[in-house]
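A.B. asks: Enclosed is the structure file structure.csv (CSV, C-alpha atoms).
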```
chain,number,residue,atom,x,y,z
L,8,MET,CA,125.4,101.5,128.9
L,9,ASP,CA,123.5,104.1,126.8
L,10,HIS,CA,125.4,105.1,123.7
L,11,ALA,CA,125.0,105.8,120.0
L,12,ARG,CA,127.3,104.7,117.1
L,13,PHE,CA,127.1,105.9,113.5
L,14,ALA,CA,129.2,105.5,110.4
L,15,ASP,CA,131.6,108.2,111.4
L,16,ARG,CA,131.0,109.1,115.0
L,17,ASP,CA,130.2,107.8,118.5
L,18,ALA,CA,128.1,109.5,121.2
L,19,ARG,CA,127.9,109.1,124.9
L,20,GLY,CA,126.5,110.8,128.0
L,21,VAL,CA,122.7,111.1,127.7
L,22,VAL,CA,121.6,114.6,128.9
L,23,ASP,CA,118.0,114.8,127.5
L,24,ILE,CA,115.2,112.7,126.0
L,25,ARG,CA,112.4,114.1,124.0
L,26,HIS,CA,109.4,112.6,122.2
L,27,GLY,CA,107.0,113.7,119.5
L,28,HIS,CA,106.8,117.4,118.6
L,29,GLU,CA,109.0,118.2,121.5
L,30,ALA,CA,111.7,116.1,119.9
L,31,LEU,CA,111.4,117.8,116.5
L,32,ASP,CA,111.5,121.2,118.1
L,33,ALA,CA,114.5,120.3,120.3
L,34,MET,CA,116.4,118.9,117.2
L,35,THR,CA,116.1,122.4,115.7
L,36,ARG,CA,117.2,124.4,118.7
L,37,GLY,CA,120.6,122.9,119.6
L,38,GLY,CA,122.7,119.9,120.6
L,39,PHE,CA,123.6,116.5,119.1
L,40,TRP,CA,120.6,114.1,119.0
L,41,ALA,CA,120.3,110.4,118.1
L,42,VAL,CA,116.9,110.0,116.5
L,43,VAL,CA,114.6,107.0,116.0
L,44,ALA,CA,111.2,107.6,114.4
L,45,THR,CA,108.7,104.8,113.8
L,46,PHE,CA,107.0,104.4,110.5
L,47,GLU,CA,103.8,105.3,112.3
L,48,GLY,CA,105.3,108.7,113.2
L,49,ALA,CA,106.4,108.4,116.9
L,50,VAL,CA,109.7,110.4,117.1
L,51,THR,CA,112.2,109.9,119.9
L,52,ALA,CA,115.4,112.0,120.2
L,53,VAL,CA,118.2,111.5,122.7
L,54,ARG,CA,120.7,114.3,123.3
L,55,PHE,CA,124.2,113.2,124.0
L,56,ALA,CA,126.9,115.3,125.6
L,57,GLU,CA,130.0,113.8,124.1
L,58,VAL,CA,130.5,113.1,120.4
L,59,THR,CA,133.7,111.6,119.1
L,60,PRO,CA,134.6,111.2,115.4
L,61,ARG,CA,135.4,107.6,114.5
L,62,ALA,CA,135.7,105.6,111.3
L,63,TYR,CA,133.8,102.4,110.7
L,64,ALA,CA,133.4,100.2,107.7
L,65,ALA,CA,130.8,102.3,106.0
L,66,GLY,CA,129.8,100.6,102.7
L,67,PRO,CA,129.6,101.9,99.2
L,68,GLY,CA,131.2,105.3,98.6
L,69,ARG,CA,133.3,105.3,101.7
L,70,ASP,CA,136.7,103.8,102.6
L,71,PRO,CA,136.4,100.8,104.9
L,72,ALA,CA,138.0,101.0,108.3
L,73,PRO,CA,138.6,98.2,110.8
L,74,ASN,CA,135.7,97.6,113.2
L,75,PRO,CA,136.3,96.9,116.9
L,76,ALA,CA,135.7,93.2,117.8
L,77,PRO,CA,133.0,92.7,120.5
L,78,GLY,CA,134.3,91.9,124.0
L,79,PRO,CA,133.4,88.7,125.8
L,80,SER,CA,130.3,90.3,127.4
L,81,THR,CA,128.9,91.5,124.0
L,82,ALA,CA,129.8,88.7,121.7
L,83,TRP,CA,126.7,87.8,119.7
L,84,GLN,CA,125.2,84.3,120.3
L,85,PRO,CA,123.7,83.1,117.0
L,86,LEU,CA,119.9,82.6,116.9
L,87,ASP,CA,118.3,79.5,115.6
L,88,ARG,CA,115.9,79.6,112.6
L,89,ARG,CA,112.7,79.9,114.5
L,90,TRP,CA,111.7,83.3,113.2
L,91,HIS,CA,108.0,84.3,113.1
L,92,THR,CA,106.7,86.4,110.2
L,93,SER,CA,103.7,88.8,110.5
L,94,LEU,CA,102.6,87.8,107.0
L,95,ASP,CA,103.4,84.3,105.8
L,96,ARG,CA,103.9,83.5,102.1
L,97,THR,CA,100.3,83.0,101.3
L,98,ALA,CA,99.2,86.1,103.1
L,99,TYR,CA,102.0,88.2,101.6
L,100,VAL,CA,101.2,87.0,98.0
L,101,GLY,CA,97.5,87.8,98.7
L,102,ALA,CA,98.4,91.3,99.8
L,103,VAL,CA,100.3,91.9,96.6
L,104,ARG,CA,97.4,90.7,94.6
L,105,GLU,CA,95.1,93.1,96.5
L,106,VAL,CA,97.4,96.0,95.8
L,107,ARG,CA,97.3,95.1,92.1
L,108,GLU,CA,93.5,95.2,92.2
L,109,ARG,CA,93.6,98.6,93.8
L,110,ILE,CA,96.0,99.8,91.1
L,111,ALA,CA,93.6,98.4,88.4
L,112,ALA,CA,90.8,100.4,90.1
L,113,GLY,CA,92.9,103.6,89.9
L,114,THR,CA,93.1,104.3,93.7
L,115,VAL,CA,96.9,103.9,93.9
L,116,TYR,CA,99.9,103.4,91.6
L,117,GLN,CA,102.5,101.8,93.9
L,118,VAL,CA,102.5,100.4,97.5
L,119,ASN,CA,105.4,99.1,99.5
L,120,VAL,CA,104.1,95.9,101.3
L,121,CYS,CA,106.1,94.8,104.3
L,122,ARG,CA,106.3,92.1,106.9
L,123,VAL,CA,108.0,92.0,110.3
L,124,LEU,CA,110.1,89.0,111.4
L,125,SER,CA,110.4,88.2,115.1
L,126,HIS,CA,112.6,86.0,117.2
L,127,ALA,CA,112.5,85.4,120.9
L,128,LEU,CA,115.6,87.0,122.5
L,129,PRO,CA,117.4,85.9,125.7
L,130,ALA,CA,117.2,88.5,128.4
L,131,GLU,CA,121.0,88.8,128.5
L,132,ALA,CA,121.5,89.2,124.7
L,133,ASP,CA,123.3,92.4,124.0
L,134,LEU,CA,122.7,94.0,120.6
L,135,ASP,CA,126.2,95.6,120.7
L,136,GLY,CA,127.5,92.2,119.6
L,137,LEU,CA,125.0,92.1,116.7
L,138,ASP,CA,126.1,95.6,115.7
L,139,ALA,CA,129.7,94.6,115.6
L,140,LEU,CA,128.8,91.5,113.5
L,141,LEU,CA,126.8,93.6,111.0
L,142,ARG,CA,129.5,96.2,110.6
L,143,GLN,CA,131.9,93.4,109.7
L,144,GLY,CA,129.6,91.3,107.6
L,145,ASN,CA,127.2,93.9,106.1
L,146,PRO,CA,128.9,97.3,106.2
L,147,ALA,CA,126.5,100.1,105.3
L,148,PRO,CA,126.8,103.8,104.6
L,149,HIS,CA,124.3,104.7,107.3
L,150,ALA,CA,125.1,102.1,109.9
L,151,ALA,CA,123.7,102.9,113.4
L,152,ARG,CA,123.5,101.6,116.9
L,153,ILE,CA,121.3,103.5,119.3
L,154,ARG,CA,120.7,102.3,122.8
L,155,CYS,CA,119.0,104.3,125.5
L,156,ASP,CA,117.1,102.3,128.1
L,157,ALA,CA,115.2,105.3,129.5
L,158,ALA,CA,113.9,106.1,126.1
L,159,GLY,CA,113.1,102.5,125.2
L,160,LEU,CA,115.5,102.4,122.3
L,161,ASP,CA,117.6,99.3,121.4
L,162,VAL,CA,118.2,99.5,117.7
L,163,VAL,CA,120.9,98.2,115.2
L,164,SER,CA,120.7,99.4,111.6
L,165,ALA,CA,122.7,98.6,108.5
L,166,SER,CA,120.6,100.9,106.3
L,167,PRO,CA,121.9,101.7,102.8
L,168,GLU,CA,119.3,104.4,102.2
L,169,LEU,CA,119.5,108.1,103.1
L,170,PHE,CA,116.1,109.6,103.9
L,171,LEU,CA,117.3,113.1,104.8
L,172,GLY,CA,120.8,114.5,104.8
L,173,ARG,CA,121.4,118.1,105.8
L,174,ARG,CA,124.4,120.4,105.5
L,175,GLY,CA,123.4,123.9,106.4
L,176,ARG,CA,120.3,124.6,104.2
L,177,HIS,CA,121.2,122.0,101.6
L,178,LEU,CA,118.8,119.0,101.9
L,179,VAL,CA,119.4,115.7,100.2
L,180,THR,CA,117.3,112.5,99.9
L,181,ARG,CA,118.5,109.3,98.1
L,182,PRO,CA,115.5,107.0,97.6
L,183,ILE,CA,116.1,103.3,96.8
L,184,LYS,CA,113.7,101.5,94.6
L,185,GLY,CA,114.7,98.4,92.6
L,186,THR,CA,116.5,95.4,94.1
L,187,ALA,CA,118.2,92.4,92.4
L,188,THR,CA,121.1,90.1,92.9
L,189,THR,CA,122.9,91.7,89.9
L,190,ALA,CA,122.5,94.8,87.7
L,191,GLU,CA,121.6,92.6,84.8
L,192,GLN,CA,118.6,91.2,86.7
L,193,MET,CA,116.9,94.5,87.2
L,194,LEU,CA,113.5,94.6,85.5
L,195,PRO,CA,111.8,97.4,83.6
L,196,LYS,CA,109.3,97.7,86.5
L,197,ASP,CA,112.2,98.4,88.9
L,198,TYR,CA,113.3,101.5,86.9
L,199,ALA,CA,109.7,102.7,86.5
L,200,GLU,CA,109.1,102.3,90.2
L,201,ASN,CA,112.3,104.3,91.0
L,202,VAL,CA,111.2,107.1,88.7
L,203,MET,CA,107.7,107.2,90.3
L,204,ILE,CA,109.2,107.5,93.8
L,205,VAL,CA,111.7,110.2,92.7
L,206,ASP,CA,108.7,112.3,91.5
L,207,LEU,CA,107.1,111.7,94.9
L,208,MET,CA,110.2,112.8,96.8
L,209,ARG,CA,110.7,115.9,94.6
L,210,ASN,CA,107.1,116.9,95.5
L,211,ASP,CA,107.7,116.2,99.2
L,212,VAL,CA,110.9,118.3,99.6
L,213,SER,CA,109.5,121.1,97.4
L,214,GLY,CA,107.2,121.9,100.3
L,215,VAL,CA,110.1,123.0,102.5
L,216,CYS,CA,112.7,124.2,99.9
L,217,GLU,CA,113.1,127.4,98.0
L,218,PRO,CA,111.2,127.5,94.7
L,219,GLY,CA,113.4,126.4,91.8
L,220,THR,CA,116.1,124.8,93.9
L,221,VAL,CA,114.8,121.1,93.9
L,222,SER,CA,116.7,119.0,91.4
L,223,VAL,CA,117.3,115.3,90.5
L,224,ASP,CA,121.0,115.0,90.7
L,225,GLU,CA,121.2,111.3,89.8
L,226,LEU,CA,118.6,109.0,88.5
L,227,CYS,CA,118.5,105.2,88.8
L,228,ALA,CA,122.2,104.7,89.5
L,229,ILE,CA,123.3,101.1,90.2
L,230,GLU,CA,124.7,100.7,93.7
L,231,ALA,CA,126.2,97.5,95.0
L,232,HIS,CA,125.7,96.3,98.6
L,233,PRO,CA,126.5,92.9,100.2
L,234,GLY,CA,124.5,90.2,98.4
L,235,LEU,CA,122.5,92.5,96.1
L,236,VAL,CA,122.3,95.7,94.1
L,237,HIS,CA,119.9,98.6,94.2
L,238,LEU,CA,118.7,101.4,92.0
L,239,VAL,CA,119.4,104.7,93.8
L,240,SER,CA,118.5,108.3,92.8
L,241,THR,CA,119.4,111.6,94.4
L,242,VAL,CA,117.1,114.5,94.9
L,243,SER,CA,118.3,117.8,96.6
L,244,GLY,CA,117.0,121.3,97.4
L,245,HIS,CA,117.8,124.4,99.4
L,246,LEU,CA,115.7,124.8,102.5
L,247,ARG,CA,113.7,127.9,103.0
L,248,GLU,CA,114.8,130.3,105.7
L,249,GLY,CA,113.3,129.4,109.1
L,250,VAL,CA,112.3,125.8,108.3
L,251,GLY,CA,112.6,123.4,111.2
L,252,TRP,CA,112.5,119.7,111.6
L,253,ALA,CA,108.7,119.7,112.4
L,254,ASP,CA,108.2,121.3,109.0
L,255,VAL,CA,110.4,118.9,107.2
L,256,PHE,CA,108.8,115.8,108.8
L,257,ALA,CA,105.3,117.2,108.0
L,258,ALA,CA,106.3,117.5,104.3
L,259,ALA,CA,108.2,114.3,103.8
L,260,TYR,CA,107.3,111.7,106.4
L,261,PRO,CA,107.0,108.8,106.2
L,262,PRO,CA,109.7,108.1,103.5
L,263,GLY,CA,108.1,107.8,100.1
L,264,SER,CA,110.3,104.9,99.0
L,265,VAL,CA,108.8,102.7,101.7
L,266,SER,CA,105.2,103.9,101.5
L,267,GLY,CA,104.1,104.4,97.9
L,268,ALA,CA,102.3,106.8,95.5
L,269,PRO,CA,100.1,108.6,95.9
L,270,LYS,CA,101.3,108.5,99.5
L,271,SER,CA,97.9,109.0,101.2
L,272,SER,CA,96.4,106.1,99.2
L,273,ALA,CA,99.4,103.9,99.8
L,274,LEU,CA,99.3,104.5,103.5
L,275,THR,CA,95.6,103.4,103.5
L,276,ALA,CA,96.5,100.2,101.7
L,277,ILE,CA,99.3,99.6,104.2
L,278,ARG,CA,97.0,100.0,107.2
L,279,ASP,CA,94.5,97.6,105.5
L,280,LEU,CA,96.9,94.9,104.5
L,281,GLU,CA,99.7,94.8,107.1
L,282,THR,CA,98.9,93.1,110.4
L,283,VAL,CA,101.4,94.7,112.8
L,284,PRO,CA,103.0,98.2,113.2
L,285,ARG,CA,106.3,98.5,111.4
L,286,GLY,CA,107.9,100.4,114.3
L,287,PRO,CA,111.5,101.7,113.5
L,288,TYR,CA,111.5,99.6,110.3
L,289,CYS,CA,110.8,102.0,107.4
L,290,GLY,CA,110.9,104.9,109.8
L,291,ALA,CA,114.0,107.1,110.3
L,292,VAL,CA,117.2,106.2,112.2
L,293,GLY,CA,120.2,108.6,112.5
L,294,TRP,CA,121.5,111.8,114.0
L,295,VAL,CA,120.9,115.5,114.0
L,296,ASP,CA,123.6,118.1,115.0
L,297,ALA,CA,121.5,121.2,115.5
L,298,ASP,CA,124.5,123.4,116.4
L,299,ALA,CA,126.3,122.5,113.1
L,300,GLU,CA,123.0,122.4,111.1
L,301,GLU,CA,123.9,118.9,109.9
L,302,ALA,CA,122.0,115.7,109.9
L,303,ASP,CA,122.0,112.1,108.5
L,304,LEU,CA,118.7,110.4,108.9
L,305,ALA,CA,118.5,107.0,107.2
L,306,VAL,CA,115.4,105.1,106.1
L,307,GLY,CA,115.1,102.4,108.8
L,308,ILE,CA,115.6,99.4,106.5
L,309,ARG,CA,118.0,96.5,107.2
L,310,THR,CA,117.2,97.3,110.8
L,311,PHE,CA,116.9,95.2,114.0
L,312,TRP,CA,115.3,96.3,117.2
L,313,ALA,CA,114.6,94.7,120.5
L,314,GLU,CA,111.4,95.2,122.5
L,315,ARG,CA,109.2,93.5,125.1
L,316,ASP,CA,105.7,92.3,124.6
L,317,ASP,CA,102.9,92.7,127.1
L,318,ALA,CA,104.0,89.6,128.9
L,319,GLY,CA,107.5,91.0,129.4
L,320,ARG,CA,109.2,88.6,126.9
L,321,ARG,CA,112.0,90.1,124.9
L,322,TRP,CA,111.9,90.0,121.1
L,323,LEU,CA,114.2,90.8,118.3
L,324,ARG,CA,112.4,92.3,115.3
L,325,PHE,CA,113.4,92.8,111.7
L,326,GLY,CA,111.4,94.1,108.7
L,327,THR,CA,111.5,93.3,105.0
L,328,GLY,CA,109.3,94.4,102.1
L,329,ALA,CA,109.0,95.1,98.4
L,330,GLY,CA,107.4,97.8,96.2
L,331,VAL,CA,104.3,96.6,94.3
L,332,THR,CA,103.2,98.0,91.0
L,333,TRP,CA,100.8,96.8,88.3
L,334,HIS,CA,103.7,94.8,86.7
L,335,SER,CA,104.6,93.0,89.9
L,336,ASP,CA,104.6,89.3,90.1
L,337,PRO,CA,103.2,88.3,93.6
L,338,GLU,CA,105.6,85.4,94.0
L,339,GLY,CA,108.5,87.5,92.7
L,340,GLU,CA,107.7,90.2,95.4
L,341,TRP,CA,107.8,87.5,98.1
L,342,ALA,CA,111.2,86.4,96.8
L,343,GLU,CA,112.4,90.0,97.0
L,344,THR,CA,111.5,90.2,100.6
L,345,GLU,CA,113.5,87.0,101.2
L,346,LEU,CA,116.5,88.3,99.3
L,347,LYS,CA,116.5,91.6,101.3
L,348,ALA,CA,116.4,89.7,104.6
L,349,ALA,CA,118.7,86.7,103.8
L,350,ARG,CA,122.1,88.2,104.6
L,351,LEU,CA,121.1,90.1,107.7
L,352,ILE,CA,119.0,87.3,109.2
L,353,GLY,CA,121.8,84.9,108.2
L,354,LEU,CA,124.4,86.9,110.1
L,355,ALA,CA,122.1,87.0,113.2
L,356,ALA,CA,121.6,83.2,112.9
L,357,GLY,CA,125.2,82.4,112.3
L,358,THR,CA,124.5,80.8,108.9
L,359,VAL,CA,126.3,83.6,107.0
L,360,THR,CA,129.9,84.4,108.0
L,361,PRO,CA,131.1,88.0,108.1
```
Go ahead and render the structure in this file as structure tokens.

C.D. replies:
Amino acid sequence: MDHARFADRDARGVVDIRHGHEALDAMTRGGFWAVVATFEGAVTAVRFAEVTPRAYAAGPGRDPAPNPAPGPSTAWQPLDRRWHTSLDRTAYVGAVREVRERIAAGTVYQVNVCRVLSHALPAEADLDGLDALLRQGNPAPHAARIRCDAAGLDVVSASPELFLGRRGRHLVTRPIKGTATTAEQMLPKDYAENVMIVDLMRNDVSGVCEPGTVSVDELCAIEAHPGLVHLVSTVSGHLREGVGWADVFAAAYPPGSVSGAPKSSALTAIRDLETVPRGPYCGAVGWVDADAEEADLAVGIRTFWAERDDAGRRWLRFGTGAGVTWHSDPEGEWAETELKAARLIGLAAGTVTP
């Protein structure tokens, strides 16, 4: 059954589906919308008639609440270890080296290099069970489950990163750059990378905010999540009168933390080096309440989605990546992609217990 679940609310009863610019325009006019945008820029918005507040285990900064256990029909059956990766270790390390060469040539400063993991999915597998498992074993502040068959959406996200939060005309973004198993293991390059992306995000939101209102409210704060820690910064501003979601996406999309700087050069490198589209991974996943002028759109990291290939076979996808700078160690960046994926893939495979 079509539905959407977020960290603090459930939604049911699909009344409208919009794509592309129609979706962005509809998200501005009215209604409650579940939103999934691919990294490549394809936006799908599903309007729901009924929205119910509900507390879930929501990760850092929020009080945990019990999660409903999946019923017999939605219990998740663990997958085996036969995951395919769009870039194997050799190819990924080679891509990191290529980015460093581009940095040395002065064409780019930082690039997020990603790979997509895929696993064959039984036709009867229900991602509601995976959602319940992740909410127990990897609670996240921007957890999301969006399913709408008519819109082609079947997504489960345990994202820790806020791409765009809106309350009235107040706009907030909280980019994550820097990942380690403990705070003590953060490297100088992690802090430098975070500051670089903060500057990029300040520039992005300045395009839609009142002059003089954009500020860095927090810089390189340590935030703990299951199995790792991140460096998180907070940038905010006051939206100009009359700005709609089409304007905001034009200014800030795709998220700077998962593309690079300068963004245009980073996107060129991504197109050159990555072998498959990212899809919802590194895009945006969340909700927009146009009536209340509120929104919570997460960066689509720590995200699973199901889709069918041209032969009709069903696949579960999951993306992982790392930011590359001149100071990056290619093998170390591969290890970071492994660290980011380990807990989530382990939960899906049954090798990590909630």

A.B. asks: Would you kindly return, as a compact mmCIF listing (two decimals) with C-alpha atoms, in the frame of the given file, each protein, DNA or RNA residue with an atom no farther than 7 Å from any atom of segment 292-304 of chain L, considering all atoms listed in the file and excluding same-chain residues fewer than 5 positions away?

C.D. replies:
```
# COMPACT_ATOMS: atom_id res chain seq x y z
CA MET L 34 116.40 118.90 117.20
CA THR L 35 116.10 122.40 115.70
CA ARG L 36 117.20 124.40 118.70
CA GLY L 37 120.60 122.90 119.60
CA GLY L 38 122.70 119.90 120.60
CA PHE L 39 123.60 116.50 119.10
CA TRP L 40 120.60 114.10 119.00
CA ALA L 41 120.30 110.40 118.10
CA VAL L 42 116.90 110.00 116.50
CA VAL L 43 114.60 107.00 116.00
CA ALA L 44 111.20 107.60 114.40
CA ALA L 151 123.70 102.90 113.40
CA LEU L 169 119.50 108.10 103.10
CA PHE L 170 116.10 109.60 103.90
CA LEU L 171 117.30 113.10 104.80
CA GLY L 172 120.80 114.50 104.80
CA ARG L 173 121.40 118.10 105.80
CA ARG L 174 124.40 120.40 105.50
CA GLY L 175 123.40 123.90 106.40
```

A.B. asks: Residues within 9 Å of (118.7, 117.5, 92.1), file coordinates, counting only C-alpha atoms: what are they? Give the list as a short mmCIF file (atom, residue, chain, number, x, y, z; two decimals) with C-alpha atoms, in the frame of the given file.

C.D. replies:
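As written to disk, point30.cif reads:
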```cif
data_model
loop_
_atom_site.label_atom_id
_atom_site.label_comp_id
_atom_site.auth_asym_id
_atom_site.auth_seq_id
_atom_site.Cartn_x
_atom_site.Cartn_y
_atom_site.Cartn_z
CA VAL L 179 119.40 115.70 100.20
CA ARG L 209 110.70 115.90 94.60
CA THR L 220 116.10 124.80 93.90
CA VAL L 221 114.80 121.10 93.90
CA SER L 222 116.70 119.00 91.40
CA VAL L 223 117.30 115.30 90.50
CA ASP L 224 121.00 115.00 90.70
CA GLU L 225 121.20 111.30 89.80
CA THR L 241 119.40 111.60 94.40
CA VAL L 242 117.10 114.50 94.90
CA SER L 243 118.30 117.80 96.60
CA GLY L 244 117.00 121.30 97.40
#
```

A.B. asks: Which residue gives the smallest distance to Ala165 of chain L among L:Arg315, L:His232, L:Arg107, L:Arg309, with only C-alpha atoms counted?

C.D. replies: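 Going through L:Arg315, L:His232, L:Arg107, L:Arg309 one by one, the smallest distance to Ala165 of chain L is for L:Arg309.
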
A.B. asks: Counting all atoms listed in the file, select every polymer residue within 6 Å of (132.2, 104.2, 115.4) as defined in the file's coordinates, and provide the selection as a CSV table (one decimal) with C-alpha atoms, in the frame of the given file.

C.D. replies:
```
chain,number,residue,atom,x,y,z
L,12,ARG,CA,127.3,104.7,117.1
L,13,PHE,CA,127.1,105.9,113.5
L,14,ALA,CA,129.2,105.5,110.4
L,15,ASP,CA,131.6,108.2,111.4
L,16,ARG,CA,131.0,109.1,115.0
L,17,ASP,CA,130.2,107.8,118.5
L,61,ARG,CA,135.4,107.6,114.5
L,62,ALA,CA,135.7,105.6,111.3
L,63,TYR,CA,133.8,102.4,110.7
```

A.B. asks: Give the answer as one residue: which of L:Leu94, L:Val120, L:Ala349, L:Val162 has the shortest atom-to-atom distance to Ala291 of chain L, using all atoms listed in the file?

C.D. replies: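 Closest to Ala291 of chain L of all the choices is L:Val162.
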
A.B. asks: Distance atom CA of Asp9 of chain L-atom CA of Pro262 of chain L, one decimal place?

C.D. replies: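 Pair atom CA of Asp9 of chain L / atom CA of Pro262 of chain L returns 27.4 Å.
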
A.B. asks: Tell me, as a list in words, which residues lie within 9 Å of segment 275-279 of chain L, counting all atoms listed in the file; anything in the same chain fewer than 6 positions away does not count.

C.D. replies: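 My list of contacting residues is Glu105, Val106, Arg109, Val115, Val118, Asn119, Val120, Cys121 and Ser266 of chain L.
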
A.B. asks: Which residue, L:Tyr198, L:Phe55, L:Phe46, L:Tyr116, has the smallest gap to Cys289 of chain L when you use all atoms listed in the file?

C.D. replies: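 The shortest atom-to-atom distance to Cys289 of chain L comes from L:Phe46.
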
A.B. asks: Would you list the contacts of Gly263 of chain L as a PDB file with C-alpha atoms, in the frame of the given file, taking every protein, DNA or RNA residue within 9 Å and counting only C-alpha atoms, but skipping same-chain residues closer than 4 positions in sequence?

C.D. replies:
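Saved result, part04.pdb, follows:
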```pdb
ATOM      1  CA  PRO L 182     115.500 107.000  97.600  1.00  0.00           C
ATOM      2  CA  ILE L 204     109.200 107.500  93.800  1.00  0.00           C
ATOM      3  CA  VAL L 205     111.700 110.200  92.700  1.00  0.00           C
ATOM      4  CA  LEU L 207     107.100 111.700  94.900  1.00  0.00           C
ATOM      5  CA  MET L 208     110.200 112.800  96.800  1.00  0.00           C
ATOM      6  CA  ASP L 211     107.700 116.200  99.200  1.00  0.00           C
ATOM      7  CA  ALA L 259     108.200 114.300 103.800  1.00  0.00           C
ATOM      8  CA  GLY L 267     104.100 104.400  97.900  1.00  0.00           C
ATOM      9  CA  ALA L 268     102.300 106.800  95.500  1.00  0.00           C
ATOM     10  CA  LYS L 270     101.300 108.500  99.500  1.00  0.00           C
TER      11      LYS L 270
END
```

A.B. asks: Using all atoms listed in the file for the distances, tell me which of L:Gln84, L:Thr282, L:Thr180, L:Ser271 is nearest to His245 of chain L.

C.D. replies: L:Thr180

A.B. asks: Which residue gives the smallest distance to Ala313 of chain L among L:Pro129, L:Pro261, L:Pro146, L:Pro337, with only C-alpha atoms counted?

C.D. replies: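 Smallest separation from Ala313 of chain L among the options: L:Pro129.
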
A.B. asks: Using Å and a single decimal, report how far atom CA of Asp138 of chain L sits from atom CA of Ala329 of chain L.

C.D. replies: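 So the two atoms, atom CA of Ala329 of chain L and atom CA of Asp138 of chain L, lie 24.3 Å apart.
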
A.B. asks: Would you please work out which residue, of L:Ala98, L:Cys216, L:Val103, L:Ala111, is nearest to Gly339 of chain L when using only C-alpha atoms?

C.D. replies: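 Among the listed residues, the smallest separation from Gly339 of chain L belongs to L:Val103.
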
A.B. asks: So how far away is atom CA of Ile153 of chain L from atom CA of Glu47 of chain L, in Å?

C.D. replies: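 Atom-to-atom, atom CA of Glu47 of chain L and atom CA of Ile153 of chain L are spaced 18.9 Å apart.
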
A.B. asks: If we count only C-alpha atoms, what is near Thr45 of chain L at a cut-off of 7 Å, once residues fewer than 6 positions away on the same chain are taken out, given as a ChimeraX atom specification?

C.D. replies: /L:286-288,290-291

A.B. asks: If we count all atoms listed in the file and set the cut-off at 12 Å, which residues sit around Thr186 of chain L, ignoring sequence neighbours fewer than 3 positions away in its own chain? Please answer as a PyMOL selection string.

C.D. replies: chain L and resi 183+189-198+200-201+227-239+328-330+339-340+342-348

A.B. asks: Determine the axis-aligned bounding box of all atoms of segment 154-162 of chain L present in the file, pad each side by 8 Å, and express its centre and edge lengths in Å to one decimal place as AutoDock Vina command-line options.

C.D. replies:
```
--center_x 116.9 --center_y 102.7 --center_z 123.6 --size_x 23.6 --size_y 22.8 --size_z 27.8
```

A.B. asks: Using the block above, I'd like segment 302-339 of chain L written out, keeping C-alpha atoms and formatting it as a short mmCIF file (atom, residue, chain, number, x, y, z; two decimals), in the first residue's frame.

C.D. replies:
```
data_model
loop_
_atom_site.label_atom_id
_atom_site.label_comp_id
_atom_site.auth_asym_id
_atom_site.auth_seq_id
_atom_site.Cartn_x
_atom_site.Cartn_y
_atom_site.Cartn_z
CA ALA L 302 10.02 21.24 4.74
CA ASP L 303 12.61 18.67 5.65
CA LEU L 304 14.60 17.46 2.64
CA ALA L 305 17.54 15.21 3.45
CA VAL L 306 20.53 14.44 1.27
CA GLY L 307 19.79 10.94 -0.02
CA ILE L 308 22.73 9.19 1.65
CA ARG L 309 22.45 5.92 3.66
CA THR L 310 19.61 5.20 1.24
CA PHE L 311 18.22 2.02 -0.32
CA TRP L 312 15.86 1.95 -3.27
CA ALA L 313 14.28 -0.80 -5.35
CA GLU L 314 13.96 -0.68 -9.13
CA ARG L 315 13.61 -2.99 -12.10
CA ASP L 316 16.09 -3.36 -14.93
CA ASP L 317 15.21 -3.60 -18.62
CA ALA L 318 14.65 -7.34 -18.26
CA GLY L 319 12.14 -6.80 -15.44
CA ARG L 320 14.43 -8.10 -12.69
CA ARG L 321 14.09 -6.34 -9.36
CA TRP L 322 17.20 -4.86 -7.71
CA LEU L 323 17.98 -3.25 -4.39
CA ARG L 324 20.45 -0.35 -4.75
CA PHE L 325 22.60 1.41 -2.17
CA GLY L 326 25.18 4.14 -2.74
CA THR L 327 28.36 5.04 -0.90
CA GLY L 328 31.10 7.57 -1.58
CA ALA L 329 33.82 9.85 -0.24
CA GLY L 330 35.03 13.37 -0.81
CA VAL L 331 38.37 13.61 -2.59
CA THR L 332 40.84 16.48 -2.11
CA TRP L 333 44.52 16.89 -2.93
CA HIS L 334 45.39 15.39 0.46
CA SER L 335 43.29 12.27 -0.10
CA ASP L 336 44.85 8.85 0.06
CA PRO L 337 43.16 6.75 -2.68
CA GLU L 338 43.10 3.57 -0.58
CA GLY L 339 41.87 5.58 2.40
#
```
